[in-house]
Structure formats: structure tokens, C-alpha cells
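Below is input30.txt, which holds compact mmCIF, C-alpha atoms.
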```txt
# COMPACT_ATOMS: atom_id res chain seq x y z
CA MET A 1 0.00 0.00 0.00
CA LYS A 2 1.15 3.51 -0.81
CA VAL A 3 -0.07 6.64 0.93
CA PHE A 4 -0.47 10.07 -0.57
CA ASN A 5 -0.79 13.09 1.76
CA SER A 6 -1.56 16.69 1.05
CA THR A 7 -2.62 19.81 2.92
CA GLN A 8 -3.96 22.92 1.22
CA PHE A 9 -5.61 26.15 2.27
CA TYR A 10 -8.47 28.04 0.68
CA ASN A 11 -8.88 31.74 1.40
CA TYR A 12 -12.61 31.44 1.94
CA SER A 13 -14.78 30.71 4.93
CA TRP A 14 -15.64 27.10 5.71
CA ASP A 15 -19.36 27.83 5.15
CA TYR A 16 -18.69 29.07 1.66
CA VAL A 17 -16.30 26.23 0.79
CA SER A 18 -18.68 23.57 2.09
CA ALA A 19 -21.54 25.01 0.03
CA ALA A 20 -19.35 25.33 -3.08
CA ASN A 21 -18.30 21.71 -2.66
CA TRP A 22 -21.75 20.66 -3.94
CA CYS A 23 -21.11 22.69 -7.08
CA LYS A 24 -17.53 21.59 -7.67
CA TYR A 25 -18.39 19.87 -10.93
CA PRO A 26 -18.42 20.68 -13.75
CA ASN A 27 -15.27 22.75 -13.76
CA GLU A 28 -12.75 23.56 -16.44
CA LEU A 29 -9.97 21.43 -15.02
CA SER A 30 -11.89 18.33 -14.03
CA THR A 31 -13.30 17.48 -17.43
CA HIS A 32 -12.91 13.78 -16.66
CA VAL A 33 -15.85 14.03 -14.24
CA VAL A 34 -18.93 13.57 -16.41
CA GLY A 35 -21.57 12.84 -13.79
CA VAL A 36 -22.36 13.50 -10.15
CA ASP A 37 -25.36 11.79 -8.57
CA VAL A 38 -26.78 11.87 -5.08
CA LEU A 39 -27.67 8.31 -4.12
CA ARG A 40 -28.74 8.93 -0.55
CA ARG A 41 -28.85 11.86 1.83
CA GLU A 42 -29.80 11.97 5.47
CA PHE A 43 -30.09 14.87 7.82
CA ASP A 44 -29.87 14.37 11.56
CA PRO A 45 -31.23 17.55 13.19
CA ASP A 46 -30.22 16.43 16.68
CA LYS A 47 -26.57 15.93 15.83
CA GLY A 48 -26.59 18.66 13.19
CA THR A 49 -25.07 16.31 10.64
CA LEU A 50 -25.80 15.75 6.99
CA THR A 51 -24.63 12.49 5.41
CA THR A 52 -24.55 12.14 1.64
CA GLU A 53 -23.72 9.23 -0.62
CA ARG A 54 -22.75 10.15 -4.17
CA LEU A 55 -21.78 8.40 -7.35
CA ILE A 56 -19.09 10.15 -9.36
CA THR A 57 -18.83 9.12 -13.00
CA CYS A 58 -15.52 9.62 -14.77
CA LYS A 59 -14.51 9.11 -18.35
CA GLN A 60 -11.15 7.73 -19.47
CA PRO A 61 -9.24 8.13 -16.23
CA ILE A 62 -7.59 4.76 -16.71
CA PRO A 63 -4.12 4.69 -18.20
CA ARG A 64 -4.00 3.13 -21.63
CA TRP A 65 -1.77 0.28 -20.49
CA LEU A 66 -4.44 -0.77 -17.98
CA MET A 67 -7.34 -0.58 -20.39
CA PHE A 68 -7.20 -4.28 -21.19
CA LEU A 69 -8.02 -5.09 -17.57
CA VAL A 70 -11.38 -3.38 -17.72
CA GLY A 71 -12.31 -4.69 -21.13
CA GLY A 72 -12.03 -1.34 -22.85
CA GLN A 73 -14.90 0.23 -20.94
CA ASP A 74 -14.39 3.96 -20.94
CA LYS A 75 -16.41 4.98 -17.86
CA SER A 76 -15.42 4.42 -14.28
CA TYR A 77 -17.31 5.02 -11.06
CA VAL A 78 -16.39 6.28 -7.63
CA ARG A 79 -18.58 6.04 -4.54
CA GLU A 80 -18.27 8.85 -2.06
CA VAL A 81 -19.78 9.25 1.40
CA SER A 82 -19.55 12.65 3.04
CA VAL A 83 -20.46 13.77 6.52
CA ILE A 84 -20.98 17.41 7.35
CA ASP A 85 -21.06 18.41 10.97
CA ARG A 86 -22.40 21.94 11.19
CA ASN A 87 -21.57 22.28 14.88
CA GLN A 88 -17.95 21.18 14.53
CA ARG A 89 -17.73 22.85 11.13
CA THR A 90 -16.20 19.84 9.41
CA LEU A 91 -16.81 18.29 6.02
CA THR A 92 -15.35 14.80 5.72
CA MET A 93 -15.50 12.96 2.41
CA ARG A 94 -14.48 9.36 1.91
CA SER A 95 -14.35 7.84 -1.51
CA CYS A 96 -13.37 4.60 -3.18
CA ASN A 97 -13.31 3.45 -6.78
CA LEU A 98 -16.01 0.97 -7.81
CA THR A 99 -14.44 0.10 -11.12
CA MET A 100 -11.41 -2.18 -11.10
CA CYS A 101 -11.51 -2.35 -7.30
CA LYS A 102 -10.47 -6.02 -7.30
CA LEU A 103 -7.16 -4.99 -8.79
CA LEU A 104 -6.49 -1.55 -7.43
CA ARG A 105 -8.22 0.35 -4.66
CA VAL A 106 -7.85 4.04 -4.07
CA TYR A 107 -9.38 4.97 -0.76
CA GLU A 108 -9.39 8.70 -0.24
CA THR A 109 -10.29 10.76 2.81
CA VAL A 110 -10.65 14.50 2.59
CA VAL A 111 -11.42 16.86 5.46
CA TYR A 112 -12.36 20.53 5.17
CA ARG A 113 -12.29 22.47 8.42
CA PRO A 114 -11.83 26.11 9.41
CA ASP A 115 -8.14 27.03 9.61
CA PRO A 116 -7.35 27.24 13.35
CA VAL A 117 -5.31 30.43 12.77
CA SER A 118 -7.98 32.35 10.85
CA PRO A 119 -11.17 30.33 11.17
CA VAL A 120 -13.48 32.93 9.66
CA SER A 121 -11.65 33.55 6.42
CA ARG A 122 -9.58 30.47 5.72
CA THR A 123 -10.29 26.77 5.26
CA ARG A 124 -7.85 23.96 5.71
CA PHE A 125 -8.00 20.96 3.41
CA ASP A 126 -6.39 17.65 4.34
CA GLN A 127 -6.24 14.79 1.93
CA VAL A 128 -5.04 11.24 2.44
CA ALA A 129 -5.17 8.60 -0.26
CA GLU A 130 -4.35 4.98 0.38
CA ILE A 131 -3.56 3.14 -2.81
CA THR A 132 -3.54 -0.65 -2.68
CA ALA A 133 -2.85 -2.96 -5.58
CA PHE A 134 -4.27 -6.45 -5.16
CA ALA A 135 -3.17 -7.91 -8.43
CA SER A 136 -0.19 -10.21 -8.26
CA LEU A 137 2.13 -10.42 -11.22
CA ARG A 138 0.75 -13.90 -11.84
CA GLN A 139 -2.84 -12.60 -12.01
CA LEU A 140 -1.78 -9.84 -14.37
CA CYS A 141 0.04 -12.31 -16.59
CA ASP A 142 -2.98 -14.63 -16.69
CA LYS A 143 -5.24 -11.72 -17.58
CA LEU A 144 -2.84 -10.53 -20.22
CA GLU A 145 -2.54 -14.00 -21.71
CA ASP A 146 -6.32 -14.56 -21.73
CA TRP A 147 -6.83 -11.21 -23.32
CA SER A 148 -4.10 -11.82 -25.86
CA VAL A 149 -5.48 -15.20 -26.86
CA GLU A 150 -8.96 -13.76 -27.18
CA ARG A 151 -7.75 -10.76 -29.13
CA PHE A 152 -5.62 -12.99 -31.33
CA GLY A 153 -8.70 -15.08 -32.12
CA GLN A 154 -10.74 -11.96 -32.86
CA ASN A 155 -8.04 -10.58 -35.08
CA ALA A 156 -7.62 -13.89 -36.84
CA ARG A 157 -11.37 -14.02 -37.54
CA LYS A 158 -11.27 -10.43 -38.71
CA GLY A 159 -8.23 -11.23 -40.84
CA LYS A 160 -10.02 -14.09 -42.56
CA LEU A 161 -13.16 -12.03 -43.20
CA GLY A 162 -11.08 -9.09 -44.37
CA PHE A 163 -9.06 -11.16 -46.81
CA ASP A 164 -12.24 -12.82 -48.05
CA SER A 165 -13.65 -9.45 -48.97
CA VAL A 166 -10.39 -8.39 -50.62
CA LEU A 167 -10.36 -11.60 -52.64
CA LYS A 168 -13.96 -11.06 -53.63
CA ASN A 169 -13.39 -7.50 -54.77
CA LEU A 170 -10.22 -8.32 -56.67
CA GLU A 171 -11.96 -11.22 -58.36
CA LYS A 172 -14.33 -8.85 -60.18
CA GLN A 173 -11.47 -6.64 -61.28
CA TRP A 174 -9.42 -9.66 -62.17
CA HIS A 175 -12.08 -10.97 -64.54
CA GLY A 176 -12.75 -7.47 -65.79
CA ILE A 177 -9.08 -7.03 -66.65
CA ALA A 178 -8.89 -10.45 -68.20
CA ASP A 179 -11.85 -9.70 -70.45
CA LYS A 180 -10.45 -6.32 -71.41
CA THR A 181 -7.02 -7.83 -72.05
CA GLN A 182 -8.53 -10.30 -74.45
CA VAL A 183 -10.31 -7.53 -76.36
CA LEU A 184 -7.10 -5.53 -76.42
CA LEU A 185 -5.09 -8.47 -77.64
CA ASP A 186 -7.60 -9.08 -80.37
CA GLU A 187 -7.42 -5.43 -81.36
CA VAL A 188 -3.63 -5.50 -81.33
CA ASN A 189 -3.61 -8.60 -83.46
CA GLU A 190 -5.97 -7.04 -85.93
CA LYS A 191 -3.92 -3.86 -86.10
CA THR A 192 -0.71 -5.81 -86.49
CA ASN A 193 -2.19 -7.76 -89.31
CA ASP A 194 -3.35 -4.56 -90.99
CA VAL A 195 0.02 -2.94 -90.58
CA MET A 196 1.86 -6.02 -91.67
CA SER A 197 -0.21 -6.43 -94.77
CA GLY A 198 0.23 -2.71 -95.42
CA VAL A 199 3.95 -3.03 -94.98
CA ASN A 200 3.97 -6.07 -97.19
CA GLU A 201 2.11 -4.19 -99.87
CA LYS A 202 4.47 -1.23 -99.62
CA THR A 203 7.64 -3.31 -99.51
CA GLY A 204 6.27 -5.28 -102.41
CA ALA A 205 5.84 -2.09 -104.35
CA LEU A 206 9.34 -0.92 -103.45
CA ALA A 207 10.79 -4.25 -104.41
CA LYS A 208 9.15 -3.89 -107.72
CA VAL A 209 10.70 -0.46 -108.21
CA PHE A 210 14.16 -1.66 -107.25
CA GLY A 211 13.72 -5.01 -108.84
CA TYR A 212 14.13 -6.73 -105.68
CA ARG A 213 11.90 -9.68 -104.98
CA ASN A 214 9.45 -10.57 -107.57
CA MET B 1 -23.54 29.56 -6.71
CA GLY B 2 -22.30 29.04 -10.26
CA ASN B 3 -24.73 28.57 -13.08
CA LEU B 4 -23.27 25.36 -14.40
CA MET B 5 -24.82 22.27 -12.89
CA SER B 6 -23.48 18.77 -13.07
CA THR B 7 -25.24 16.09 -15.04
CA SER B 8 -26.40 12.62 -14.06
CA PHE B 9 -24.62 9.43 -15.14
CA ALA B 10 -27.95 8.73 -16.85
CA PRO B 11 -28.89 11.60 -19.20
CA GLU B 12 -32.57 10.71 -18.70
CA CYS B 13 -32.29 11.76 -15.03
CA THR B 14 -30.34 15.00 -15.46
CA ASP B 15 -33.44 17.19 -15.49
CA LEU B 16 -34.82 15.72 -12.26
CA LYS B 17 -31.38 15.86 -10.69
CA GLN B 18 -30.89 19.54 -11.45
CA LYS B 19 -34.28 20.43 -10.01
CA TYR B 20 -33.37 18.56 -6.85
CA ASP B 21 -29.87 20.09 -6.71
CA ALA B 22 -31.24 23.61 -7.01
CA CYS B 23 -33.61 22.98 -4.11
CA PHE B 24 -30.90 21.34 -2.02
CA ASN B 25 -28.27 24.03 -2.60
CA TYR B 26 -30.68 26.69 -1.41
CA TRP B 27 -31.70 24.63 1.62
CA TYR B 28 -28.06 23.89 2.48
CA THR B 29 -26.93 27.53 2.46
CA GLU B 30 -30.03 29.21 3.82
CA LYS B 31 -31.30 26.63 6.28
CA PHE B 32 -28.81 23.90 7.16
CA LEU B 33 -25.71 26.04 7.68
CA LYS B 34 -27.69 28.61 9.62
CA GLY B 35 -29.15 25.97 11.87
CA LYS B 36 -32.68 26.94 10.83
CA SER B 37 -33.80 23.60 9.57
CA VAL B 38 -35.30 20.67 11.35
CA TYR B 39 -35.88 18.51 8.29
CA ASN B 40 -34.63 17.96 4.75
CA GLU B 41 -37.02 20.05 2.70
CA CYS B 42 -36.32 18.72 -0.78
CA GLU B 43 -37.55 15.17 -0.18
CA ASP B 44 -40.29 15.23 -2.86
CA LEU B 45 -37.91 16.25 -5.63
CA TRP B 46 -35.46 13.72 -4.27
CA ALA B 47 -38.00 10.87 -4.56
CA ASP B 48 -38.59 11.58 -8.27
CA TYR B 49 -34.88 11.81 -8.98
CA LYS B 50 -34.08 8.65 -7.02
CA GLU B 51 -36.75 6.67 -8.83
CA CYS B 52 -35.09 7.58 -12.11
CA ILE B 53 -31.52 6.75 -11.10
CA ASP B 54 -32.49 3.47 -9.44
CA ILE B 55 -33.74 2.22 -12.79
CA HIS B 56 -30.57 3.23 -14.58
CA LEU B 57 -28.18 1.97 -11.91
CA GLN B 58 -29.72 -1.42 -12.55
CA LYS B 59 -29.76 -1.07 -16.34
CA GLN B 60 -26.15 0.02 -16.60
CA GLY B 61 -24.91 -2.68 -14.25
CA ILE B 62 -23.63 -0.28 -11.60
CA LYS B 63 -25.89 -1.60 -8.85
CA PRO B 64 -23.90 -4.78 -7.98
CA MET B 65 -20.62 -2.84 -7.64
CA LEU B 66 -22.38 -0.30 -5.48
CA ASP B 67 -23.96 -2.91 -3.22
CA GLU B 68 -20.58 -4.52 -2.62
CA ALA B 69 -18.98 -1.18 -1.74
CA ARG B 70 -21.89 -0.37 0.58
CA GLU B 71 -21.23 -3.55 2.46
CA GLU B 72 -17.54 -2.76 2.83
CA ALA B 73 -18.00 0.88 3.85
CA PRO B 74 -21.56 1.41 5.08
CA PHE B 75 -23.34 4.73 4.72
CA GLU B 76 -24.43 4.44 8.34
CA ASN B 77 -20.77 4.35 9.32
CA GLY B 78 -20.01 7.53 7.38
CA GLY B 79 -18.40 5.48 4.63
CA ILE B 80 -15.65 4.17 6.90
CA PRO B 81 -14.71 0.62 5.88
CA VAL B 82 -15.60 -2.07 8.36
CA ASP B 83 -12.47 -3.76 9.59
CA LYS B 84 -12.26 -7.24 8.18
CA SER B 85 -8.83 -7.93 9.71
CA ASP B 86 -6.38 -8.32 6.85
CA GLU B 87 -6.86 -11.82 5.54
CA LYS B 88 -4.90 -11.09 2.37
```
What is this structure when it is put down as C-alpha cells?
Amino acid sequence: MKVFNSTQFYNYSWDYVSAANWCKYPNELSTHVVGVDVLRREFDPDKGTLTTERLITCKQPIPRWLMFLVGGQDKSYVREVSVIDRNQRTLTMRSCNLTMCKLLRVYETVVYRPDPVSPVSRTRFDQVAEITAFASLRQLCDKLEDWSVERFGQNARKGKLGFDSVLKNLEKQWHGIADKTQVLLDEVNEKTNDVMSGVNEKTGALAKVFGYRN
Amino acid sequence: MGNLMSTSFAPECTDLKQKYDACFNYWYTEKFLKGKSVYNECEDLWADYKECIDIHLQKQGIKPMLDEAREEAPFENGGIPVDKSDEK
């Protein structure tokens, strides 16, 4: 498992940041997020907490070299559960990928709270991501081999069909050319005969003049 | 806040979602944060929206993945994974 840590500050009040969090997407930089859905939301007036479950839909966030593991599907999903405590002024979001989670799990925890130094105008953001890969090299190799065999079969089938169509198309042309060639040859023969007889006539005439032949 | 609103994973539900979101965002800022609210006021819009996404979660095959994740990190537990003592 690998851990990623980060702390940032926003120069806005926690109230404002927590409200803006619901409108984070779409934004210009996160174009990979194509959908945000609220799956469940519960408000506990006694505790002053609001719990929300969301589904985040992303497009193409998977590196190309991993695409074969997810069968070329281009959308991936993340489940997120957030808890807002309005008395403590904290917003805690936990998220985990739904897609590919048997191979790689990214479990992220994010906390927004007022900056202790200037709580009214600044918000502190803490982020921890635990990244765990479950796939052993053996599993990856098996997957890769299965995929390769399958793809090879697909390509082979495609190759056969493709060559069939090429053969079919060329066949027409082939016969077309053959027919035309025959016509051409006939024409050439005819012309040659004409010319030859013409030449013969002329040479005959010349021979007569010069007394050569006949 | 911001005019752009996010869309649903299912385009068919985007309209219902945005109606719900608009209601919620107002409630959150004006009622929840100010401690003026005793209940979630957008429940009716929520019910329509949820009905729509439930159908499409099933159709698009997202439901099983979601159910599994819910078991691992329950909503009731704030999404914190239940400790299943590393069995590896």
C-alpha cells in the first residue's frame, strides 16, 4: 500500500467552501468528471449532521496500459460518502473506486475544516489517499494471456473475413481485366495484321521499283 | 452559486437531478448552515430523482458494484470501511 498526503488552504470561509463543494463539478480542469449523482442523503437535526452518498462518474481516467483489464470500458465510477457536521464545522468525504476495485483500490479521505489560525476567512483541506494494488504479477500475466489469446482469435477471424472481402473484390477486377485484355489483344492482333499487310504491300511495291523480290 | 450544474450518469435523469440540486443548494446555504432547519425540505424532488436513477443503476450494471462497496463501507458508518482484519 502507498499513501499520498496533502494539505492545502483556501482563502474562503468554511461555510462558503462547504456550500461550493456541492457545485464543484463541472469545472474547467476536471473534465474527466462527467456525472455526479446523489444516491442517498440523510439529515440528523439532533446531531446537526448531513450524510450524503454520491456516485461520481468519470470518463477515461484509466491509463492506456491498464485498459485491457477493464475490457475497454471507458467509464469508471467512484462512490463517495460525506459527513458534514455543522456544529464542529467539518466536512469529511471518503471515496473509493467501484471500477477495477479487485485490482487496485484508491481509498481517499478529505477533510475541510476552518483554519485554526484564521477560522473565519480560511479553510484547511487535508487529503489522504491509500492506494492498494491487489493484483499479483501472476494474475496480471494470466489476464494478459487470456486477453491476448482472445484478441488474437478476434483478429484472426477479422483477418479471414477481411481477406475474403479483398479476394472477392479483386476477383471482379481480375475478370474485368482479363476480359479487357482479351479484347485488347484481339485489337492489337488485328492492327498488327493490318500494318503487316500494309507493310507487305508497300515493300512489295518498293521491291518492284528496285527489282528486288518478284 | 455558479450557473453550471453537473449532469447525471444517466442523461434521462439530469433534469430531475438539477431540479433537486437547485432545491438542495438553497436549503443547504439558507437553512442547514444557519441551523434553521429541522428537516430535509427537498424530499419530494429527491424521490422523483431517485426513482429515475435506481432504474438506470440497474440497467447500466452499476448496482452490484455499489452494493458490494456499501457492504464494505456502510453509509451508516459515514463510509468508513468495516475492519475485516487483513486476511490477504
* Structure fact -> Of A:His175, A:Cys96, A:Ile56, A:Thr49, the one nearest to A:Lys24 when counting all atoms listed in the file is A:Ile56
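Between chain A and the residues B:Asp67, B:Val38, B:Cys23, B:Pro74, the shortest atom-to-atom distance, using all atoms listed in the file, involves B:Val38.
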Chain A residues within 9 Å of chain B, counting all atoms listed in the file: which ones, as a short mmCIF file (atom, residue, chain, number, x, y, z; two decimals) with C-alpha atoms, keeping the file's coordinate frame?
```cif
data_model
loop_
_atom_site.label_atom_id
_atom_site.label_comp_id
_atom_site.auth_asym_id
_atom_site.auth_seq_id
_atom_site.Cartn_x
_atom_site.Cartn_y
_atom_site.Cartn_z
CA ASP A 15 -19.36 27.83 5.15
CA TYR A 16 -18.69 29.07 1.66
CA ALA A 19 -21.54 25.01 0.03
CA ALA A 20 -19.35 25.33 -3.08
CA TRP A 22 -21.75 20.66 -3.94
CA CYS A 23 -21.11 22.69 -7.08
CA LYS A 24 -17.53 21.59 -7.67
CA TYR A 25 -18.39 19.87 -10.93
CA PRO A 26 -18.42 20.68 -13.75
CA ASN A 27 -15.27 22.75 -13.76
CA VAL A 34 -18.93 13.57 -16.41
CA GLY A 35 -21.57 12.84 -13.79
CA VAL A 36 -22.36 13.50 -10.15
CA ASP A 37 -25.36 11.79 -8.57
CA VAL A 38 -26.78 11.87 -5.08
CA LEU A 39 -27.67 8.31 -4.12
CA ARG A 40 -28.74 8.93 -0.55
CA ARG A 41 -28.85 11.86 1.83
CA GLU A 42 -29.80 11.97 5.47
CA PHE A 43 -30.09 14.87 7.82
CA ASP A 44 -29.87 14.37 11.56
CA PRO A 45 -31.23 17.55 13.19
CA ASP A 46 -30.22 16.43 16.68
CA GLY A 48 -26.59 18.66 13.19
CA LEU A 50 -25.80 15.75 6.99
CA THR A 51 -24.63 12.49 5.41
CA THR A 52 -24.55 12.14 1.64
CA GLU A 53 -23.72 9.23 -0.62
CA LEU A 55 -21.78 8.40 -7.35
CA ILE A 56 -19.09 10.15 -9.36
CA THR A 57 -18.83 9.12 -13.00
CA TYR A 77 -17.31 5.02 -11.06
CA ARG A 79 -18.58 6.04 -4.54
CA GLU A 80 -18.27 8.85 -2.06
CA VAL A 81 -19.78 9.25 1.40
CA SER A 82 -19.55 12.65 3.04
CA VAL A 83 -20.46 13.77 6.52
CA ARG A 86 -22.40 21.94 11.19
CA ASN A 87 -21.57 22.28 14.88
CA THR A 92 -15.35 14.80 5.72
CA MET A 93 -15.50 12.96 2.41
CA ARG A 94 -14.48 9.36 1.91
CA SER A 95 -14.35 7.84 -1.51
CA CYS A 96 -13.37 4.60 -3.18
CA ASN A 97 -13.31 3.45 -6.78
CA LEU A 98 -16.01 0.97 -7.81
CA THR A 99 -14.44 0.10 -11.12
CA PHE A 134 -4.27 -6.45 -5.16
#
```
* Name all residues at most 8 Å from stretch 112-119 of chain A (count only C-alpha atoms; drop same-chain ones fewer than 2 positions away) and give them as a list in words. => Phe9, Ser13, Trp14, Ser18, Arg89, Thr90, Leu91, Thr92, Val110, Ser121, Arg122, Thr123, Arg124, Phe125 and Asp126 of chain A
Expected file: the selected residues, C-alpha atoms, as a short mmCIF file (atom, residue, chain, number, x, y, z; two decimals), in the coordinates of the input:
```
data_model
loop_
_atom_site.label_atom_id
_atom_site.label_comp_id
_atom_site.auth_asym_id
_atom_site.auth_seq_id
_atom_site.Cartn_x
_atom_site.Cartn_y
_atom_site.Cartn_z
CA PHE A 9 -5.61 26.15 2.27
CA SER A 13 -14.78 30.71 4.93
CA TRP A 14 -15.64 27.10 5.71
CA SER A 18 -18.68 23.57 2.09
CA ARG A 89 -17.73 22.85 11.13
CA THR A 90 -16.20 19.84 9.41
CA LEU A 91 -16.81 18.29 6.02
CA THR A 92 -15.35 14.80 5.72
CA VAL A 110 -10.65 14.50 2.59
CA SER A 121 -11.65 33.55 6.42
CA ARG A 122 -9.58 30.47 5.72
CA THR A 123 -10.29 26.77 5.26
CA ARG A 124 -7.85 23.96 5.71
CA PHE A 125 -8.00 20.96 3.41
CA ASP A 126 -6.39 17.65 4.34
#
```
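Here atom CA of A:Thr109 and atom CA of A:Ser6 stand 10.7 Å from one another.
Atom to atom, atom CA of A:Thr132 and atom CA of A:Lys2 stand 6.5 Å apart.
Taking atom CA of A:Gly159 and atom CA of A:Asp142 as endpoints, the distance between them is 24.9 Å.
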Radius query 9 Å about (0.5, 16.9, 3.6), atoms used: all atoms listed in the file, as a PDB file with C-alpha atoms, keeping the file's coordinate frame:
```pdb
ATOM      1  CA  PHE A   4      -0.470  10.070  -0.570  1.00  0.00           C
ATOM      2  CA  ASN A   5      -0.790  13.090   1.760  1.00  0.00           C
ATOM      3  CA  SER A   6      -1.560  16.690   1.050  1.00  0.00           C
ATOM      4  CA  THR A   7      -2.620  19.810   2.920  1.00  0.00           C
ATOM      5  CA  GLN A   8      -3.960  22.920   1.220  1.00  0.00           C
ATOM      6  CA  ASP A 126      -6.390  17.650   4.340  1.00  0.00           C
ATOM      7  CA  GLN A 127      -6.240  14.790   1.930  1.00  0.00           C
ATOM      8  CA  VAL A 128      -5.040  11.240   2.440  1.00  0.00           C
TER       9      VAL A 128
END
```
